[in-house]
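Participant: See upload_20.txt below, with compact mmCIF, C-alpha atoms.
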```txt
# COMPACT_ATOMS: atom_id res chain seq x y z
CA MET A 1 95.87 -13.14 61.92
CA THR A 2 98.37 -15.51 60.31
CA GLY A 3 98.04 -19.27 60.21
CA SER A 4 100.79 -19.80 62.78
CA ALA A 5 99.12 -17.36 65.17
CA VAL A 6 95.83 -19.22 64.79
CA LYS A 7 97.55 -22.53 65.53
CA ARG A 8 99.18 -21.08 68.65
CA ALA A 9 95.86 -19.64 69.81
CA LEU A 10 94.09 -22.97 69.27
CA SER A 11 96.87 -24.84 71.06
CA THR A 12 96.69 -22.45 74.00
CA LEU A 13 92.92 -22.75 74.09
CA GLY A 14 93.17 -26.54 74.00
CA PHE A 15 95.71 -26.65 76.84
CA ALA A 16 93.56 -24.27 78.89
CA ALA A 17 90.47 -26.43 78.32
CA VAL A 18 92.31 -29.58 79.42
CA ALA A 19 93.71 -27.81 82.49
CA VAL A 20 90.28 -26.51 83.51
CA TYR A 21 88.71 -29.93 82.97
CA CYS A 22 91.37 -31.66 85.10
CA LEU A 23 91.63 -29.04 87.85
CA ALA A 24 87.92 -28.23 88.24
CA PRO A 25 87.20 -31.16 90.63
CA PHE A 26 90.17 -30.20 92.81
CA TYR A 27 89.06 -26.58 92.86
CA TRP A 28 85.55 -27.58 93.89
CA MET A 29 86.94 -29.88 96.59
CA ALA A 30 89.07 -27.07 98.04
CA ILE A 31 86.24 -24.52 97.88
CA SER A 32 83.82 -26.95 99.52
CA ALA A 33 86.33 -27.62 102.29
CA PHE A 34 86.39 -23.93 103.21
CA ARG A 35 82.61 -23.53 103.36
CA ARG A 36 80.82 -23.43 106.68
CA PRO A 37 78.97 -26.67 107.54
CA GLN A 38 75.62 -24.89 107.14
CA ASP A 39 76.68 -23.74 103.65
CA GLN A 40 77.89 -27.12 102.38
CA PHE A 41 75.16 -27.36 99.73
CA ASP A 42 75.87 -23.92 98.23
CA ASN A 43 76.83 -23.92 94.55
CA THR A 44 78.64 -20.58 94.45
CA LEU A 45 82.14 -20.55 92.97
CA VAL A 46 83.49 -18.78 96.06
CA PRO A 47 82.29 -19.38 99.64
CA SER A 48 80.11 -16.61 101.01
CA ARG A 49 82.04 -16.92 104.30
CA TRP A 50 85.34 -18.74 104.62
CA SER A 51 85.67 -21.17 107.51
CA TRP A 52 88.18 -23.67 108.96
CA GLU A 53 85.49 -25.68 110.74
CA ASN A 54 85.67 -28.62 108.33
CA PHE A 55 89.44 -28.97 108.78
CA SER A 56 89.14 -28.99 112.56
CA ALA A 57 86.29 -31.51 112.30
CA VAL A 58 88.52 -33.91 110.33
CA PHE A 59 90.62 -34.61 113.42
CA SER A 60 87.76 -34.44 115.92
CA GLY A 61 85.01 -36.84 116.84
CA ASP A 62 85.64 -40.53 116.22
CA ASN A 63 87.25 -40.23 112.79
CA GLY A 64 90.75 -41.40 113.77
CA PHE A 65 92.15 -39.53 110.79
CA GLY A 66 95.55 -38.79 112.33
CA ARG A 67 96.32 -42.49 112.73
CA ALA A 68 94.93 -43.16 109.25
CA LEU A 69 97.38 -40.63 107.77
CA LEU A 70 100.26 -42.35 109.57
CA ASN A 71 99.12 -45.70 108.21
CA SER A 72 99.04 -44.30 104.67
CA VAL A 73 102.58 -42.95 105.06
CA ILE A 74 103.83 -46.34 106.30
CA VAL A 75 102.09 -48.35 103.57
CA ALA A 76 102.95 -46.00 100.70
CA GLY A 77 106.53 -45.52 101.92
CA ALA A 78 107.18 -49.24 102.38
CA THR A 79 105.63 -50.04 99.00
CA THR A 80 107.79 -47.41 97.28
CA VAL A 81 111.04 -48.53 98.93
CA LEU A 82 110.46 -52.23 98.22
CA THR A 83 109.37 -51.51 94.66
CA LEU A 84 112.53 -49.51 93.96
CA LEU A 85 114.81 -52.12 95.54
CA ILE A 86 113.32 -55.09 93.71
CA GLY A 87 112.43 -53.26 90.51
CA THR A 88 115.86 -51.64 90.06
CA PHE A 89 117.79 -54.92 90.28
CA THR A 90 115.25 -56.75 88.14
CA ALA A 91 115.24 -54.06 85.47
CA TYR A 92 119.04 -53.95 85.42
CA ALA A 93 119.24 -57.70 84.90
CA LEU A 94 116.69 -57.58 82.08
CA ALA A 95 118.40 -54.63 80.40
CA ARG A 96 122.09 -55.53 80.79
CA LEU A 97 122.48 -59.28 81.25
CA ASP A 98 122.17 -61.91 78.53
CA PHE A 99 120.20 -65.03 79.41
CA ARG A 100 117.64 -67.22 77.73
CA PHE A 101 113.99 -66.18 77.58
CA LYS A 102 114.82 -62.65 78.73
CA ASN A 103 112.15 -61.06 76.55
CA ALA A 104 109.64 -63.71 77.60
CA VAL A 105 110.28 -62.91 81.26
CA LEU A 106 109.74 -59.20 80.64
CA GLY A 107 106.57 -59.94 78.68
CA LEU A 108 105.30 -62.17 81.48
CA ILE A 109 105.95 -59.43 84.06
CA VAL A 110 104.06 -56.87 81.98
CA ALA A 111 101.25 -59.36 81.29
CA THR A 112 100.46 -59.57 85.00
CA THR A 113 99.09 -56.02 84.81
CA MET A 114 96.28 -57.21 82.54
CA PHE A 115 94.54 -59.10 85.36
CA PRO A 116 91.85 -57.04 87.11
CA GLY A 117 92.83 -56.18 90.64
CA ILE A 118 89.52 -57.35 92.05
CA SER A 119 90.16 -60.86 90.70
CA GLN A 120 93.25 -61.19 92.90
CA LEU A 121 91.70 -59.93 96.12
CA VAL A 122 89.64 -63.01 96.92
CA PRO A 123 92.54 -65.53 96.85
CA LEU A 124 94.79 -63.05 98.65
CA LEU A 125 92.14 -62.49 101.29
CA LYS A 126 91.83 -66.25 101.81
CA LEU A 127 95.61 -66.65 102.00
CA PHE A 128 96.11 -63.79 104.44
CA THR A 129 93.27 -65.04 106.61
CA ASP A 130 94.88 -68.47 106.83
CA ILE A 131 98.28 -67.07 107.81
CA LYS A 132 96.73 -64.46 110.12
CA TRP A 133 97.90 -61.42 108.18
CA ILE A 134 94.57 -59.58 108.20
CA ASN A 135 94.83 -56.14 109.85
CA THR A 136 98.59 -55.93 109.26
CA TYR A 137 100.71 -53.61 107.16
CA GLN A 138 102.16 -56.43 105.08
CA ALA A 139 98.65 -57.41 103.99
CA MET A 140 98.39 -54.01 102.29
CA VAL A 141 102.00 -53.63 101.14
CA LEU A 142 102.53 -56.98 99.40
CA PRO A 143 99.42 -56.82 97.16
CA SER A 144 100.38 -53.25 96.25
CA LEU A 145 103.79 -54.54 95.17
CA GLY A 146 102.06 -56.88 92.76
CA PHE A 147 100.57 -53.88 90.95
CA ALA A 148 103.53 -51.48 91.29
CA LEU A 149 106.42 -53.79 90.37
CA PRO A 150 105.44 -54.54 86.74
CA LEU A 151 105.19 -50.85 85.93
CA SER A 152 108.47 -50.02 87.67
CA VAL A 153 110.30 -52.90 85.95
CA TRP A 154 108.99 -51.81 82.56
CA LEU A 155 109.96 -48.17 83.07
CA LEU A 156 113.39 -48.85 84.53
CA THR A 157 114.25 -51.51 81.94
CA ALA A 158 113.60 -49.02 79.15
CA PHE A 159 115.67 -46.41 80.99
CA PHE A 160 118.65 -48.74 81.62
CA ARG A 161 118.67 -49.78 77.96
CA GLN A 162 119.23 -46.16 76.93
CA LEU A 163 122.43 -45.89 78.97
CA PRO A 164 125.59 -46.66 76.96
CA PHE A 165 127.36 -49.94 77.77
CA GLU A 166 130.73 -48.21 77.33
CA LEU A 167 130.34 -46.53 80.72
CA GLU A 168 130.27 -49.84 82.58
CA GLN A 169 133.04 -51.28 80.44
CA ALA A 170 135.27 -48.27 81.14
CA ALA A 171 134.57 -48.55 84.87
CA MET A 172 135.44 -52.27 84.90
CA VAL A 173 138.61 -51.60 82.92
CA ASP A 174 139.58 -49.15 85.68
CA GLY A 175 139.16 -51.91 88.27
CA CYS A 176 135.49 -51.79 89.27
CA THR A 177 133.48 -54.95 89.60
CA ARG A 178 130.10 -55.15 87.89
CA GLY A 179 128.43 -54.40 91.21
CA GLN A 180 130.63 -51.35 91.81
CA ALA A 181 130.00 -50.11 88.28
CA PHE A 182 126.27 -50.53 88.86
CA ARG A 183 126.38 -48.66 92.17
CA LYS A 184 128.79 -45.87 91.24
CA ILE A 185 128.02 -45.32 87.54
CA ILE A 186 124.62 -46.68 86.53
CA ILE A 187 122.54 -45.71 89.56
CA PRO A 188 123.56 -42.00 89.51
CA LEU A 189 122.82 -41.80 85.79
CA ALA A 190 119.53 -43.62 86.26
CA ALA A 191 118.40 -41.26 89.05
CA PRO A 192 115.80 -39.48 86.86
CA GLY A 193 114.13 -42.78 85.99
CA VAL A 194 114.33 -44.00 89.58
CA PHE A 195 112.75 -40.82 90.96
CA THR A 196 110.04 -40.89 88.32
CA THR A 197 109.24 -44.49 89.27
CA ALA A 198 109.25 -43.56 92.95
CA ILE A 199 106.78 -40.73 92.38
CA LEU A 200 104.39 -42.92 90.37
CA THR A 201 104.61 -45.75 92.89
CA PHE A 202 104.08 -43.51 95.92
CA ILE A 203 101.08 -41.79 94.34
CA ALA A 204 99.50 -45.13 93.38
CA ALA A 205 100.09 -46.60 96.85
CA TRP A 206 98.90 -43.44 98.59
CA ASN A 207 95.65 -43.38 96.60
CA GLU A 208 95.04 -47.14 96.85
CA PHE A 209 91.60 -47.97 98.26
CA LEU A 210 90.39 -51.45 97.34
CA ILE A 211 93.23 -53.44 98.92
CA ALA A 212 93.20 -51.41 102.13
CA LEU A 213 89.44 -51.74 102.40
CA SER A 214 89.53 -55.53 101.89
CA MET A 215 92.51 -56.44 104.07
CA VAL A 216 91.76 -54.29 107.11
CA ASN A 217 88.69 -54.18 109.33
CA LYS A 218 90.21 -52.55 112.41
CA LYS A 219 89.84 -48.81 112.58
CA GLU A 220 93.33 -48.22 113.94
CA MET A 221 94.86 -49.95 110.87
CA GLN A 222 92.86 -48.31 108.08
CA THR A 223 94.52 -45.89 105.67
CA ALA A 224 93.43 -42.32 104.93
CA THR A 225 91.42 -43.21 101.81
CA VAL A 226 89.40 -45.79 103.72
CA ALA A 227 88.95 -43.47 106.70
CA ILE A 228 87.52 -40.74 104.45
CA SER A 229 84.99 -43.15 102.97
CA LYS A 230 83.80 -44.06 106.48
CA PHE A 231 83.45 -40.56 107.88
CA THR A 232 80.22 -40.19 109.85
CA GLY A 233 80.57 -36.57 110.90
CA VAL A 234 81.43 -35.14 114.27
CA SER A 235 78.19 -36.21 115.93
CA GLY A 236 77.93 -39.49 114.06
CA PHE A 237 74.66 -38.51 112.38
CA ASP A 238 75.39 -35.35 110.38
CA GLN A 239 76.32 -35.41 106.69
CA PRO A 240 80.14 -35.13 106.48
CA PHE A 241 80.42 -33.69 102.97
CA GLY A 242 82.46 -30.68 104.06
CA THR A 243 84.63 -32.84 106.34
CA GLN A 244 85.31 -35.28 103.52
CA MET A 245 86.29 -32.43 101.22
CA ALA A 246 88.68 -31.06 103.87
CA ALA A 247 90.17 -34.51 104.36
CA GLY A 248 90.61 -34.78 100.58
CA VAL A 249 92.58 -31.54 100.59
CA ILE A 250 94.77 -32.80 103.45
CA VAL A 251 95.44 -36.08 101.62
CA THR A 252 96.27 -34.29 98.35
CA VAL A 253 98.82 -31.87 99.86
CA PRO A 254 101.52 -34.56 100.49
CA LEU A 255 101.26 -35.71 96.88
CA ILE A 256 101.79 -32.18 95.61
CA ALA A 257 104.76 -31.77 97.96
CA VAL A 258 106.31 -35.06 96.83
CA VAL A 259 105.96 -34.15 93.16
CA LEU A 260 107.46 -30.69 93.68
CA VAL A 261 110.41 -32.00 95.72
CA PHE A 262 111.34 -34.85 93.38
CA GLN A 263 110.62 -32.90 90.20
CA ARG A 264 113.59 -30.64 90.88
CA ARG A 265 115.90 -33.62 91.20
CA ILE A 266 114.52 -35.20 88.04
CA VAL A 267 115.07 -32.02 86.05
CA ALA A 268 118.57 -31.65 87.53
CA GLY A 269 119.39 -35.22 86.57
CA LEU A 270 118.10 -34.80 83.03
CA THR A 271 120.03 -31.58 82.43
CA ALA A 272 123.27 -32.63 84.16
CA GLY A 273 124.43 -34.85 81.32
CA GLY A 274 125.81 -38.35 81.75
CA VAL A 275 128.46 -38.77 79.06
CA LYS A 276 131.40 -36.41 78.85
```
For this file, write the structure as structure tokens.

Facilitator:
Amino acid sequence: MTGSAVKRALSTLGFAAVAVYCLAPFYWMAISAFRRPQDQFDNTLVPSRWSWENFSAVFSGDNGFGRALLNSVIVAGATTVLTLLIGTFTAYALARLDFRFKNAVLGLIVATTMFPGISQLVPLLKLFTDIKWINTYQAMVLPSLGFALPLSVWLLTAFFRQLPFELEQAAMVDGCTRGQAFRKIIIPLAAPGVFTTAILTFIAAWNEFLIALSMVNKKEMQTATVAISKFTGVSGFDQPFGTQMAAGVIVTVPLIAVVLVFQRRIVAGLTAGGVK
């Protein structure tokens, strides 16, 4: 075997090891979800008998999981939309406009990510209690923006800086204003970066747990991640391991769908070519 063949074999083996390490928990979650409740402590790699009982139990009893899923969609969707709206304009200004302390502003925005999230929850909880925002969607969306915006601004600023200035100049020579050039030229070319930011933001907001747990104490307002952590089983006294695994599978499916849908558009945008 030649040296190049050995390197390819080692690379393939390394990729396979990483894939197995990353996917093993998801495989075990899915397999556990399809076990019968009486077999939930089995350690076999494949269920002895496949069952849908855990999935039906997720939406039964007093779990309120259907409403929790709707709450997660609302919170994650609102966080993603607001992050893209604010982050896109902010990143464009930092990448294209000349003003004093521009780099300092960008550094300050990125520096906010260094603060632990738990350190911000106590003052936010006090503030939202005073203004009666506890058990509301905005109490979960606004703190999530504080964590999602710095990342989106950083990513989009780097993406806007890679786009040639000549495109905007040519559009303005042809009669476009700066706003029209931004809307008709820059945004279509920046679609791959925007969709990438949207995916990362939606996944982070969908998986968020600490903020939702702290800002909401009403069952009808809790998100899916919080609802899963509070499962008590169908009867209220049984161990809901299988039900929690089934709920984990249900929560993961939308993320996979979002990635698959937007990945096609990202690839199309990257291969379309921007400068002719």

Participant: If we count all atoms listed in the file, what is near Val81 of chain A at a cut-off of 10 Å, once residues fewer than 6 positions away on the same chain are taken out, given as an MDAnalysis selection string?

Facilitator: chainID A and resid 87 198 201:202

Participant: Taking only C-alpha atoms into account, which of A:Ala212, A:Ala205, A:Val141, A:Ala227 comes nearest Leu255 of chain A?

Facilitator: A:Ala205

Participant: What are the nearest atom pairs, with distances in Å to one decimal, for all residues of segment 129-224 of chain A that come at most 6 Å from segment 92-110 of chain A, using all atoms listed in the file, set out by chain and rising residue number as a tab-separated table?

Facilitator:
```
residue	atom	partner	partner_atom	distance
A:Pro150	CA	A:Val110	CA	5.5
A:Thr157	CA	A:Ala95	CA	5.4
A:Arg161	CA	A:Ala95	CA	5.4
```

Participant: Between atom CA of Leu13 of chain A and atom CA of Trp28 of chain A, what distance in Å does the model show, to one decimal?

Facilitator: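 Distance reported for this atom pair: 21.7 Å.
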
Participant: For the atom pair atom CA of Asn135 of chain A and atom CA of Lys218 of chain A, what is the interatomic distance in Å to one decimal place?

Facilitator: 6.4 Å

Participant: Interatomic distance between atom CA of Ser32 of chain A and atom CA of Ser229 of chain A?

Facilitator: 16.6 Å

Participant: Between A:Thr252, A:Thr44, A:Ser11, A:Gln239, which one has atoms that come closest to Thr225 of chain A, using all atoms listed in the file?

Facilitator: A:Thr252

Participant: Please tell me which residues are no farther than 12 Å from (100.6, -53.0, 101.3) in the file, counting all atoms listed in the file, and write them as a PyMOL selection string.

Facilitator: chain A and resi 71-83+124+133-148+201-202+204-216+221-223

Participant: Considering only C-alpha atoms, return as a tab-separated table (two decimals) with C-alpha atoms, keeping the file's coordinate frame whatever protein or nucleic-acid residues lie within 10 Å of Thr90 of chain A, sequence-local ones (same chain, fewer than 5 positions apart) excluded.

Facilitator:
```
chain	number	residue	atom	x	y	z
A	84	LEU	CA	112.53	-49.51	93.96
A	85	LEU	CA	114.81	-52.12	95.54
A	95	ALA	CA	118.40	-54.63	80.40
A	106	LEU	CA	109.74	-59.20	80.64
A	149	LEU	CA	106.42	-53.79	90.37
A	152	SER	CA	108.47	-50.02	87.67
A	153	VAL	CA	110.30	-52.90	85.95
A	154	TRP	CA	108.99	-51.81	82.56
A	156	LEU	CA	113.39	-48.85	84.53
A	157	THR	CA	114.25	-51.51	81.94
```

Participant: Using only C-alpha atoms, which residues sit within 9 Å of Trp50 of chain A once same-chain residues fewer than 5 positions away are excluded, as a list in words?

Facilitator: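 Here the qualifying residues turn out to be Ile31, Phe34, Arg35 and Arg36 of chain A.
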
Participant: Given only C-alpha atoms as the basis, pick out the residue of A:Ala224, A:Met172, A:Ile256, A:Val261 nearest to Asn63 of chain A.

Facilitator: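 Comparing A:Ala224, A:Met172, A:Ile256, A:Val261 against Asn63 of chain A, the winner is A:Ala224.
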
Participant: Can you report as AutoDock Vina command-line options the centre and edge lengths in Å, to one decimal, of an axis-aligned box around the listed atoms of segment 187-202 of chain A padded with 6 Å on each side?

Facilitator:
```
--center_x 113.8 --center_y -42.6 --center_z 90.9 --size_x 31.5 --size_y 18.3 --size_z 22.1
```

Participant: May I have the residues within 9 Å of Phe231 of chain A as a list of chain:residue names, using all atoms listed in the file and disregarding those fewer than 2 positions away in the same chain?

Facilitator: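 My reading of the contact set: A:Val58, A:Asp62, A:Asn63, A:Val226, A:Ala227, A:Ile228, A:Ser229, A:Gly233, A:Val234, A:Gly236, A:Gln239, A:Pro240, A:Phe241, A:Thr243, A:Gln244.
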
Participant: Excluding Phe26 of chain A and any residue of its chain fewer than 4 positions from it, enumerate the residues within 12 Å of it, using only C-alpha atoms, and give them as a ChimeraX atom specification.

Facilitator: /A:19-22,30-33,245-246,248-253
